[in-house]
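K.L.:
Sharing protein33.cif, mmCIF, C-alpha atoms:
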```cif
data_my_file
#
loop_
_atom_site.label_atom_id
_atom_site.label_comp_id
_atom_site.auth_asym_id
_atom_site.auth_seq_id
_atom_site.Cartn_x
_atom_site.Cartn_y
_atom_site.Cartn_z
CA MET A 81 29.16 -14.84 -3.33
CA GLN A 82 27.23 -16.22 -6.27
CA VAL A 83 23.76 -14.84 -6.85
CA THR A 84 21.07 -15.68 -9.37
CA LEU A 85 19.12 -12.75 -10.71
CA LYS A 86 15.66 -13.61 -11.99
CA ILE A 87 14.71 -10.58 -14.00
CA GLN A 88 11.33 -10.05 -15.64
CA ARG A 89 12.03 -9.29 -19.30
CA TYR A 90 9.60 -7.84 -21.81
CA ASN A 91 10.13 -6.23 -25.17
CA PRO A 92 6.72 -5.25 -26.60
CA GLU A 93 8.18 -5.28 -30.14
CA LYS A 94 9.24 -8.94 -29.85
CA ASP A 95 7.55 -10.65 -26.91
CA LYS A 96 3.91 -11.63 -26.59
CA ALA A 97 4.19 -11.85 -22.82
CA PRO A 98 6.78 -11.09 -20.13
CA TRP A 99 9.30 -13.85 -19.42
CA TRP A 100 11.96 -14.51 -16.79
CA GLY A 101 15.63 -14.13 -17.62
CA GLU A 102 18.06 -15.88 -15.23
CA TYR A 103 21.60 -14.61 -14.77
CA LYS A 104 24.19 -16.18 -12.47
CA ILE A 105 26.88 -13.73 -11.40
CA GLU A 106 29.75 -13.47 -8.92
CA ALA A 107 29.42 -10.44 -6.67
CA GLU A 108 30.48 -9.02 -3.33
CA PRO A 109 27.91 -9.19 -0.50
CA THR A 110 28.35 -5.43 -0.11
CA ASP A 111 27.50 -4.77 -3.76
CA ARG A 112 24.19 -3.08 -4.41
CA LEU A 113 21.55 -4.64 -6.62
CA LEU A 114 22.20 -1.85 -9.12
CA ASP A 115 25.84 -3.04 -9.41
CA ALA A 116 24.55 -6.53 -10.22
CA LEU A 117 22.15 -5.18 -12.86
CA ASN A 118 24.98 -3.13 -14.35
CA TYR A 119 27.14 -6.28 -14.51
CA VAL A 120 24.40 -8.14 -16.38
CA LYS A 121 23.90 -5.26 -18.81
CA TRP A 122 27.60 -4.57 -19.41
CA HIS A 123 28.89 -8.16 -19.56
CA LEU A 124 26.06 -10.65 -20.14
CA ASP A 125 23.12 -9.09 -21.97
CA GLY A 126 23.28 -5.56 -23.29
CA THR A 127 19.58 -5.55 -24.15
CA LEU A 128 18.53 -5.44 -20.49
CA THR A 129 16.77 -2.11 -19.98
CA TYR A 130 16.28 -0.19 -16.74
CA ARG A 131 16.37 3.41 -15.59
CA ARG A 132 19.12 4.77 -13.36
CA SER A 133 20.81 8.10 -12.97
CA CYS A 134 22.58 9.22 -9.79
CA ALA A 135 22.92 5.69 -8.37
CA HIS A 136 23.03 7.11 -4.84
CA GLY A 137 19.40 7.07 -3.69
CA ILE A 138 18.72 10.71 -4.53
CA CYS A 139 17.18 10.80 -8.00
CA GLY A 140 14.74 7.92 -7.50
CA SER A 141 15.20 6.56 -11.04
CA ASP A 142 15.92 2.92 -10.27
CA ALA A 143 12.77 2.05 -8.32
CA MET A 144 11.71 -1.52 -9.04
CA GLN A 145 10.11 -4.50 -7.37
CA ILE A 146 12.87 -6.44 -5.66
CA ASN A 147 12.01 -9.79 -4.05
CA GLY A 148 8.35 -8.78 -4.15
CA ALA A 149 8.66 -5.33 -2.58
CA ASN A 150 9.31 -1.90 -4.06
CA ARG A 151 12.84 -0.65 -3.42
CA LEU A 152 15.56 1.45 -5.05
CA ALA A 153 18.14 -0.88 -6.67
CA CYS A 154 20.93 1.48 -5.57
CA LYS A 155 19.89 1.33 -1.89
CA VAL A 156 19.73 -2.41 -1.28
CA LEU A 157 22.76 -4.62 -0.69
CA LEU A 158 22.98 -8.12 -2.15
CA ARG A 159 23.75 -9.60 1.28
CA ASN A 160 20.24 -8.62 2.37
CA LEU A 161 18.50 -10.20 -0.62
CA GLY A 162 19.48 -13.89 -0.53
CA GLN A 163 20.98 -16.15 -3.21
CA VAL A 164 18.09 -15.87 -5.68
CA ILE A 165 16.84 -12.36 -6.32
CA THR A 166 13.68 -11.61 -8.30
CA VAL A 167 13.50 -8.26 -10.02
CA GLU A 168 10.32 -6.96 -11.65
CA PRO A 169 9.16 -3.57 -12.94
CA LEU A 170 7.05 -1.39 -10.65
CA ARG A 171 3.46 -2.56 -10.87
CA GLY A 172 0.61 -0.29 -11.80
CA TYR A 173 2.53 1.43 -14.60
CA LYS A 174 2.76 0.46 -18.25
CA VAL A 175 5.98 -1.41 -19.00
CA ILE A 176 7.94 0.22 -21.82
CA LYS A 177 10.67 -2.44 -21.81
CA ASP A 178 12.02 -4.84 -19.16
CA LEU A 179 12.26 -2.82 -15.91
CA LEU A 180 11.53 0.50 -17.55
CA VAL A 181 8.01 1.81 -16.86
CA ASP A 182 6.04 4.76 -18.19
CA MET A 183 5.87 7.37 -15.39
CA ASP A 184 3.96 10.00 -17.39
CA ALA A 185 0.60 9.44 -15.67
CA PHE A 186 2.32 9.36 -12.27
CA LEU A 187 4.05 12.68 -12.92
CA ALA A 188 0.88 14.22 -14.36
CA ARG A 189 -0.93 13.43 -11.08
CA TYR A 190 1.96 14.95 -9.14
CA ARG A 191 1.70 18.14 -11.23
CA SER A 192 -2.11 18.21 -10.77
CA MET A 193 -1.53 18.85 -7.06
CA LYS A 194 0.11 22.21 -7.88
CA PRO A 195 3.41 21.39 -6.17
CA PHE A 196 4.62 24.98 -5.91
CA LEU A 197 4.12 27.91 -3.55
CA ILE A 198 0.82 29.70 -4.18
CA THR A 199 0.46 33.21 -2.77
CA HIS A 200 -2.23 35.83 -3.16
CA SER A 201 -1.04 38.41 -0.62
CA PRO A 202 1.33 41.22 -1.70
CA GLN A 203 4.96 40.18 -2.00
CA PRO A 204 7.01 41.23 1.05
CA GLU A 205 10.09 43.42 0.66
CA LYS A 206 12.48 40.55 1.41
CA GLU A 207 11.70 36.82 1.79
CA ARG A 208 8.60 35.19 3.28
CA LEU A 209 9.72 34.32 6.79
CA GLN A 210 8.86 31.10 8.59
CA SER A 211 9.54 29.95 12.15
CA PRO A 212 11.49 26.70 12.71
CA GLU A 213 8.31 25.21 14.24
CA ASP A 214 6.26 26.03 11.14
CA ARG A 215 9.01 24.56 8.93
CA GLU A 216 9.03 21.40 11.04
CA ARG A 217 5.31 20.89 10.37
CA PHE A 218 5.91 19.60 6.82
CA ASP A 219 9.53 18.48 7.13
CA ASP A 220 8.77 14.79 6.51
CA THR A 221 7.06 15.39 3.16
CA THR A 222 9.88 17.57 1.78
CA LYS A 223 11.97 14.41 1.41
CA CYS A 224 10.02 12.90 -1.52
CA ILE A 225 12.15 12.09 -4.59
CA LEU A 226 9.22 10.98 -6.83
CA CYS A 227 10.59 7.47 -7.30
CA GLY A 228 7.04 6.04 -7.46
CA CYS A 229 7.67 3.21 -4.95
CA CYS A 230 4.72 4.28 -2.77
CA THR A 231 2.09 4.70 -5.48
CA SER A 232 3.16 1.49 -7.21
CA GLY A 233 2.94 -0.47 -3.94
CA CYS A 234 -0.57 0.77 -3.11
CA PRO A 235 -3.39 -1.79 -3.55
CA SER A 236 -5.92 1.06 -3.83
CA PHE A 237 -3.96 2.27 -6.88
CA TRP A 238 -3.81 -1.25 -8.38
CA ALA A 239 -7.58 -1.49 -8.06
CA ASN A 240 -8.26 1.95 -9.49
CA GLY A 241 -5.71 3.73 -11.66
CA GLU A 242 -7.68 6.98 -11.31
CA TYR A 243 -6.55 7.28 -7.67
CA VAL A 244 -4.23 10.26 -7.45
CA GLY A 245 -1.84 8.13 -5.40
CA PRO A 246 0.29 8.56 -2.26
CA ALA A 247 3.18 10.42 -3.93
CA ALA A 248 0.93 13.20 -5.27
CA ILE A 249 -0.74 13.57 -1.85
CA VAL A 250 2.63 13.72 -0.10
CA ASN A 251 3.62 16.61 -2.37
CA ALA A 252 0.28 18.34 -1.79
CA HIS A 253 0.83 17.92 1.97
CA ARG A 254 4.23 19.58 1.64
CA PHE A 255 2.53 22.84 0.50
CA LEU A 256 -0.78 22.45 2.32
CA PHE A 257 0.94 22.60 5.71
CA ASP A 258 3.45 25.28 4.68
CA SER A 259 2.58 28.44 6.66
CA ARG A 260 3.67 30.62 3.68
CA ASP A 261 1.36 28.92 1.19
CA GLU A 262 -2.05 30.40 0.40
CA GLY A 263 -3.38 27.74 -2.00
CA THR A 264 -5.18 25.72 0.67
CA VAL A 265 -8.68 26.03 -0.79
CA GLU A 266 -7.73 24.99 -4.33
CA ARG A 267 -5.61 22.05 -3.14
CA ILE A 268 -8.29 20.84 -0.75
CA GLU A 269 -10.76 20.90 -3.66
CA LEU A 270 -8.45 18.58 -5.60
CA LEU A 271 -7.89 16.23 -2.66
CA ASN A 272 -11.43 16.07 -1.27
CA THR A 273 -12.70 13.79 -4.06
CA VAL A 274 -13.44 10.10 -4.45
CA ASP A 275 -10.12 9.66 -6.29
CA GLY A 276 -8.30 11.95 -3.86
CA VAL A 277 -7.36 11.20 -0.26
CA TRP A 278 -10.52 9.20 0.45
CA ARG A 279 -9.35 6.28 -1.69
CA CYS A 280 -6.53 5.63 0.80
CA ARG A 281 -7.34 2.57 2.94
CA THR A 282 -4.44 3.04 5.39
CA ILE A 283 -2.65 -0.11 4.22
CA PHE A 284 0.84 1.32 4.93
CA ASN A 285 2.52 -0.34 1.91
CA CYS A 286 3.63 3.17 0.90
CA VAL A 287 5.35 3.65 4.25
CA GLU A 288 7.09 0.27 3.98
CA ALA A 289 8.22 1.02 0.41
CA CYS A 290 9.41 4.62 0.76
CA PRO A 291 13.22 4.71 0.40
CA ARG A 292 13.21 8.13 2.09
CA GLU A 293 11.36 6.78 5.14
CA ILE A 294 8.50 9.26 4.81
CA ASN A 295 5.44 8.29 6.86
CA VAL A 296 3.26 8.61 3.77
CA THR A 297 0.05 7.24 5.31
CA ARG A 298 0.38 9.69 8.19
CA ALA A 299 0.69 12.57 5.73
CA ILE A 300 -2.45 11.35 3.92
CA GLY A 301 -4.19 10.96 7.31
CA GLU A 302 -3.29 14.55 8.22
CA VAL A 303 -4.80 15.79 4.96
CA LYS A 304 -7.96 13.71 5.57
CA LYS A 305 -8.26 15.16 9.07
CA ALA A 306 -7.67 18.70 7.82
CA ILE A 307 -10.53 18.23 5.32
CA LEU A 308 -12.79 16.69 7.96
CA MET A 309 -12.12 19.37 10.57
CA GLN A 310 -11.88 22.14 7.95
CA LYS A 311 -8.66 23.27 9.58
CA VAL A 312 -5.08 23.03 8.33
CA MET B 210 -2.98 -0.30 -18.81
CA PHE B 211 -2.00 -2.46 -15.86
CA LYS B 212 -4.50 -5.20 -15.10
CA VAL B 213 -4.84 -6.13 -11.47
CA ARG B 214 -4.79 -9.83 -10.73
CA TYR B 215 -6.02 -11.19 -7.40
CA ARG B 216 -2.70 -12.93 -6.83
CA ASP B 217 -0.96 -9.53 -6.96
CA TYR B 218 -2.55 -8.70 -3.62
CA LEU B 219 -1.02 -11.83 -2.09
CA THR B 220 2.37 -11.85 -3.83
CA TYR B 221 3.36 -8.28 -3.00
CA ARG B 222 5.59 -8.34 0.08
CA GLY B 223 3.93 -5.62 2.12
CA GLY B 224 4.16 -5.09 5.88
CA PRO B 225 1.72 -6.01 8.66
CA GLY B 226 -0.64 -3.27 7.44
CA HIS B 227 -1.00 -5.09 4.11
CA TRP B 228 -2.03 -8.32 5.80
CA SER B 229 -4.31 -6.46 8.25
CA TRP B 230 -6.06 -4.92 5.26
CA ILE B 231 -6.49 -8.28 3.48
CA LEU B 232 -7.81 -9.92 6.66
CA HIS B 233 -10.15 -6.98 7.27
CA ARG B 234 -11.61 -7.39 3.77
CA VAL B 235 -11.90 -11.19 3.98
CA THR B 236 -13.52 -11.13 7.44
CA GLY B 237 -15.80 -8.30 6.34
CA ILE B 238 -17.02 -10.27 3.32
CA GLY B 239 -17.43 -13.38 5.53
CA VAL B 240 -19.59 -11.54 8.06
CA PHE B 241 -21.60 -9.92 5.26
CA LEU B 242 -22.32 -13.31 3.62
CA PHE B 243 -23.43 -14.71 6.97
CA LEU B 244 -25.76 -11.74 7.45
CA LEU B 245 -27.36 -12.45 4.06
CA ILE B 246 -28.01 -16.09 5.04
CA HIS B 247 -29.18 -14.95 8.46
CA ILE B 248 -31.73 -12.54 6.97
CA VAL B 249 -33.08 -15.37 4.79
CA ASP B 250 -33.37 -17.89 7.66
CA ILE B 251 -35.01 -15.40 10.05
CA SER B 252 -37.48 -14.28 7.38
CA LEU B 253 -38.64 -17.91 7.00
CA ILE B 254 -40.61 -17.50 10.23
CA GLY B 255 -43.19 -15.78 8.05
CA TRP B 256 -43.98 -19.21 6.55
CA GLY B 257 -44.77 -20.78 9.93
CA PRO B 258 -42.88 -22.59 12.73
CA ASN B 259 -42.41 -25.88 10.84
CA ILE B 260 -40.22 -24.52 8.08
CA PHE B 261 -38.39 -22.24 10.50
CA ASN B 262 -37.55 -25.07 12.92
CA LYS B 263 -36.46 -27.37 10.09
CA LEU B 264 -34.03 -24.82 8.80
CA LEU B 265 -32.63 -24.04 12.25
CA PHE B 266 -31.93 -27.77 12.57
CA LEU B 267 -29.37 -27.31 9.78
CA TYR B 268 -27.26 -25.21 12.13
CA ARG B 269 -26.73 -28.26 14.36
CA TYR B 270 -24.63 -29.99 11.68
CA PRO B 271 -20.87 -30.01 12.42
CA ALA B 272 -20.04 -28.03 9.29
CA PHE B 273 -22.27 -25.20 10.49
CA ARG B 274 -20.92 -25.46 14.06
CA PHE B 275 -17.34 -25.05 12.80
CA GLY B 276 -18.62 -22.24 10.60
CA GLU B 277 -19.93 -20.51 13.73
CA VAL B 278 -16.45 -20.62 15.27
CA ALA B 279 -15.03 -19.09 12.08
CA LEU B 280 -17.80 -16.47 12.15
CA VAL B 281 -16.94 -15.46 15.71
CA GLY B 282 -13.27 -15.22 14.65
CA ALA B 283 -14.21 -13.00 11.71
CA VAL B 284 -16.38 -10.72 13.85
CA VAL B 285 -13.72 -10.43 16.58
CA TYR B 286 -10.90 -9.64 14.12
CA HIS B 287 -13.02 -7.19 12.12
CA ALA B 288 -14.12 -5.40 15.29
CA ILE B 289 -10.67 -5.06 16.87
CA ASN B 290 -9.00 -4.07 13.62
CA GLY B 291 -11.83 -1.62 12.99
CA ILE B 292 -10.97 0.09 16.28
CA ARG B 293 -7.33 0.37 15.10
CA ILE B 294 -8.47 1.96 11.84
CA CYS B 295 -10.68 4.45 13.71
CA ILE B 296 -7.79 5.40 15.99
CA ILE B 297 -5.33 6.00 13.14
CA ASP B 298 -7.95 7.91 11.11
CA PHE B 299 -8.83 10.34 13.90
CA TRP B 300 -5.33 10.60 15.40
CA PRO B 301 -2.86 10.38 12.48
CA GLU B 302 0.06 10.97 14.87
CA THR B 303 -0.49 7.40 16.17
CA MET B 304 0.63 6.16 12.74
CA ALA B 305 4.21 6.56 13.95
CA ALA B 306 3.58 3.19 15.69
CA HIS B 307 1.58 1.61 12.84
CA ARG B 308 3.46 -1.71 12.88
CA LYS B 309 3.11 -2.11 16.65
CA MET B 310 -0.62 -1.34 16.37
CA SER B 311 -1.12 -4.08 13.76
CA TYR B 312 0.75 -6.58 15.95
CA ALA B 313 -1.31 -5.45 18.99
CA VAL B 314 -4.50 -6.18 17.04
CA GLY B 315 -3.18 -9.68 16.29
CA ILE B 316 -2.38 -10.31 19.96
CA ALA B 317 -5.74 -8.92 21.17
CA PHE B 318 -7.51 -11.12 18.60
CA LEU B 319 -5.73 -14.27 19.81
CA VAL B 320 -6.41 -13.40 23.48
CA VAL B 321 -10.14 -13.05 22.80
CA PHE B 322 -10.60 -15.71 20.12
CA ILE B 323 -8.58 -18.70 21.45
CA PRO B 324 -10.53 -19.15 24.74
CA THR B 325 -13.81 -18.48 22.92
CA ALA B 326 -12.99 -21.01 20.20
CA ILE B 327 -11.97 -23.63 22.79
CA TYR B 328 -15.25 -23.06 24.64
CA MET B 329 -17.33 -23.32 21.46
CA LEU B 330 -15.46 -26.36 20.16
CA SER B 331 -15.98 -28.18 23.48
CA PHE B 332 -19.67 -28.50 22.51
CA ILE B 333 -18.84 -29.96 19.09
CA LEU B 334 -15.89 -32.29 19.64
#
```
Mind converting the file's structure to structure tokens?

P.N.:
Amino acid sequence: MQVTLKIQRYNPEKDKAPWWGEYKIEAEPTDRLLDALNYVKWHLDGTLTYRRSCAHGICGSDAMQINGANRLACKVLLRNLGQVITVEPLRGYKVIKDLLVDMDAFLARYRSMKPFLITHSPQPEKERLQSPEDRERFDDTTKCILCGCCTSGCPSFWANGEYVGPAAIVNAHRFLFDSRDEGTVERIELLNTVDGVWRCRTIFNCVEACPREINVTRAIGEVKKAILMQKV
Amino acid sequence: MFKVRYRDYLTYRGGPGHWSWILHRVTGIGVFLFLLIHIVDISLIGWGPNIFNKLLFLYRYPAFRFGEVALVGAVVYHAINGIRICIIDFWPETMAAHRKMSYAVGIAFLVVFIPTAIYMLSFIL
């Protein structure tokens, strides 16, 4: 099949404003969008810039806006995208070049949620045990790969860049509901702010965008309820 | 820093929740603007019955009558969608069916609004 890729291009050293580059290529319907981008970069225009690493939906590097919605380029097939495919960088982040965005602020917010096990009680002799039921409680939020699709697709984040964002809350949820974790009070303090969970307007764009199918809004809702009821 | 443009809210291809949110905002602003006008027209009674009756006469014009139908639509949508938001806020587990809930709001809105609109329009047309 022949597809036309309309890719938003922008080189801050040369361009005053972003512009659209159009590339017609021959591809298999079962090719992924990432294969098409690789073809453009390797055969048509070597200056095209984007981030990718594992290319198998695990590392989350190649998140971008594909036909108007946030997706991983390595997880969507061309046959599901139509003849003309628009590709833009994730919105809400500063564009470094073409499809490459600056994720520093995003990752800083993730780190601000203390995404590690906090314990105050004495260390047990062996490991800290957990029942399968307690492990199940936060199973959904363990799947996050920090691709940024959810935060970048959130209108609350577009309107206010100070919002900590869905991805950071998902990773806070992962430890907040972990029966072994003892950092509940300090995490709740971080989340119970105007730029914390309360900026979420339950729009569900994060759920639609998540390539790992995490119910992000539900996780945020559970944190909100835990704060409201003062019970994790 | 990224600058938000109003068209970004419309061009992003979100799910039914995205459109529910936009409609909730638009209908909310619509109802709020009506309330502002309503406060002004009701307060005119303080200047005597003549001015008050003259202003109420304005509401008989077709543009205002159609506006009333739109107002009822805005109130009905905002109310039903508000119930959905309350449910998902207090029972996050219901978010597993978030798409179905948004569609249910749309159906409930049409069931309530269509007969009401037909009834109201029968007095205008």

K.L.:
What would the selection look like, as a short mmCIF file (atom, residue, chain, number, x, y, z; two decimals) with C-alpha atoms, in the coordinates of the input, if the PyMOL selection byres ((chain B) within 8 of (chain A)) were run on the coordinates I just shared?

P.N.:
```cif
data_model
loop_
_atom_site.label_atom_id
_atom_site.label_comp_id
_atom_site.auth_asym_id
_atom_site.auth_seq_id
_atom_site.Cartn_x
_atom_site.Cartn_y
_atom_site.Cartn_z
CA MET B 210 -2.98 -0.30 -18.81
CA PHE B 211 -2.00 -2.46 -15.86
CA LYS B 212 -4.50 -5.20 -15.10
CA VAL B 213 -4.84 -6.13 -11.47
CA TYR B 218 -2.55 -8.70 -3.62
CA THR B 220 2.37 -11.85 -3.83
CA TYR B 221 3.36 -8.28 -3.00
CA ARG B 222 5.59 -8.34 0.08
CA GLY B 223 3.93 -5.62 2.12
CA GLY B 224 4.16 -5.09 5.88
CA GLY B 226 -0.64 -3.27 7.44
CA HIS B 227 -1.00 -5.09 4.11
CA SER B 229 -4.31 -6.46 8.25
CA TRP B 230 -6.06 -4.92 5.26
CA ILE B 294 -8.47 1.96 11.84
CA ILE B 297 -5.33 6.00 13.14
CA ASP B 298 -7.95 7.91 11.11
CA PHE B 299 -8.83 10.34 13.90
CA PRO B 301 -2.86 10.38 12.48
CA GLU B 302 0.06 10.97 14.87
CA MET B 304 0.63 6.16 12.74
CA ALA B 305 4.21 6.56 13.95
CA HIS B 307 1.58 1.61 12.84
#
```

K.L.:
Which residues would end up in the selection if the PyMOL selection byres ((chain B and resi 285) around 12) were applied here, given that I need the answer as a PyMOL selection string?

P.N.:
chain B and resi 232-233+236-237+240+278-284+286-292+314-323+325-326

K.L.:
Residues near Asn118 in chain A, anyone? I mean within 12 Å using all atoms listed in the file, not counting same-chain ones fewer than 2 positions away, as a PyMOL selection string.

P.N.:
chain A and resi 85+103+105+107+111-116+120-132+135+142+153-154

K.L.:
Considering only C-alpha atoms, state which residue in the set B:Ile333, B:Ala313, B:Ile231, B:Leu265 is at the smallest distance from Leu253 in chain B.

P.N.:
B:Leu265

K.L.:
Give me, please, the distance in Å between CA of Tyr190 in chain A and CA of Leu152 in chain A, quoted to one decimal.

P.N.:
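Going from CA of Tyr190 in chain A over to CA of Leu152 in chain A covers 19.6 Å.
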
K.L.:
I want to know what sits within 8 Å of Leu158 in chain A, based on all atoms listed in the file, with residues of the same chain fewer than 2 positions away left out; could you give that as a VMD selection string?

P.N.:
chain A and resid 108 to 113 156 160 to 162

K.L.:
Just write the chosen residues, C-alpha atoms, as a PDB file, in the frame of the given file.

P.N.:
```
ATOM      1  CA  GLU A 108      30.480  -9.020  -3.330  1.00  0.00           C
ATOM      2  CA  PRO A 109      27.910  -9.190  -0.500  1.00  0.00           C
ATOM      3  CA  THR A 110      28.350  -5.430  -0.110  1.00  0.00           C
ATOM      4  CA  ASP A 111      27.500  -4.770  -3.760  1.00  0.00           C
ATOM      5  CA  ARG A 112      24.190  -3.080  -4.410  1.00  0.00           C
ATOM      6  CA  LEU A 113      21.550  -4.640  -6.620  1.00  0.00           C
ATOM      7  CA  VAL A 156      19.730  -2.410  -1.280  1.00  0.00           C
ATOM      8  CA  ASN A 160      20.240  -8.620   2.370  1.00  0.00           C
ATOM      9  CA  LEU A 161      18.500 -10.200  -0.620  1.00  0.00           C
ATOM     10  CA  GLY A 162      19.480 -13.890  -0.530  1.00  0.00           C
TER      11      GLY A 162
END
```

K.L.:
Assuming the chain letters and numbering stay as they are in my file, what does the PyMOL selection byres ((chain A and resi 180-188) around 12) actually select? List them as a PyMOL selection string.

P.N.:
(chain A and resi 88-92+128-132+140-145+167-179+189-195+225-232+237+241-249+251) or (chain B and resi 210-211)

K.L.:
Which one is closest to Ser259 in chain A: A:Ile138, A:Met81, A:Leu197, A:Leu157? Count only C-alpha atoms.

P.N.:
A:Leu197

K.L.:
Please measure the separation of CA of Lys155 in chain A and CA of Gly137 in chain A, giving the value in Å to one decimal.

P.N.:
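So the answer is 6.0 Å.
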
K.L.:
Rank nothing, just name the residue among B:Glu277, B:Arg293, B:Tyr270, B:Tyr215 nearest to Ala306 in chain B, using only C-alpha atoms.

P.N.:
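Nearest candidate to Ala306 in chain B out of B:Glu277, B:Arg293, B:Tyr270, B:Tyr215: B:Arg293.
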
K.L.:
What's the separation between CA of Trp99 in chain A and CA of Ser236 in chain A, in Å to one decimal place?

P.N.:
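Going from CA of Trp99 in chain A over to CA of Ser236 in chain A covers 26.4 Å.
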
K.L.:
Ranking A:Leu270, A:Val265, A:Ile307, A:Ile294 by minimum distance to Asp220 in chain A and counting only C-alpha atoms, which one comes first?

P.N.:
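Nearest candidate to Asp220 in chain A out of A:Leu270, A:Val265, A:Ile307, A:Ile294: A:Ile294.
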
K.L.:
Of the residues A:Pro98, A:Thr166, A:Val277, A:His136, which is the one nearest to Leu117 in chain A, using only C-alpha atoms?

P.N.:
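Comparing A:Pro98, A:Thr166, A:Val277, A:His136 against Leu117 in chain A, the winner is A:Thr166.
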
K.L.:
With all atoms listed in the file as the basis for distance, which of A:Lys104, A:Ala252, A:Cys134, A:Ser211 is at the shortest distance from Val164 in chain A?

P.N.:
A:Lys104
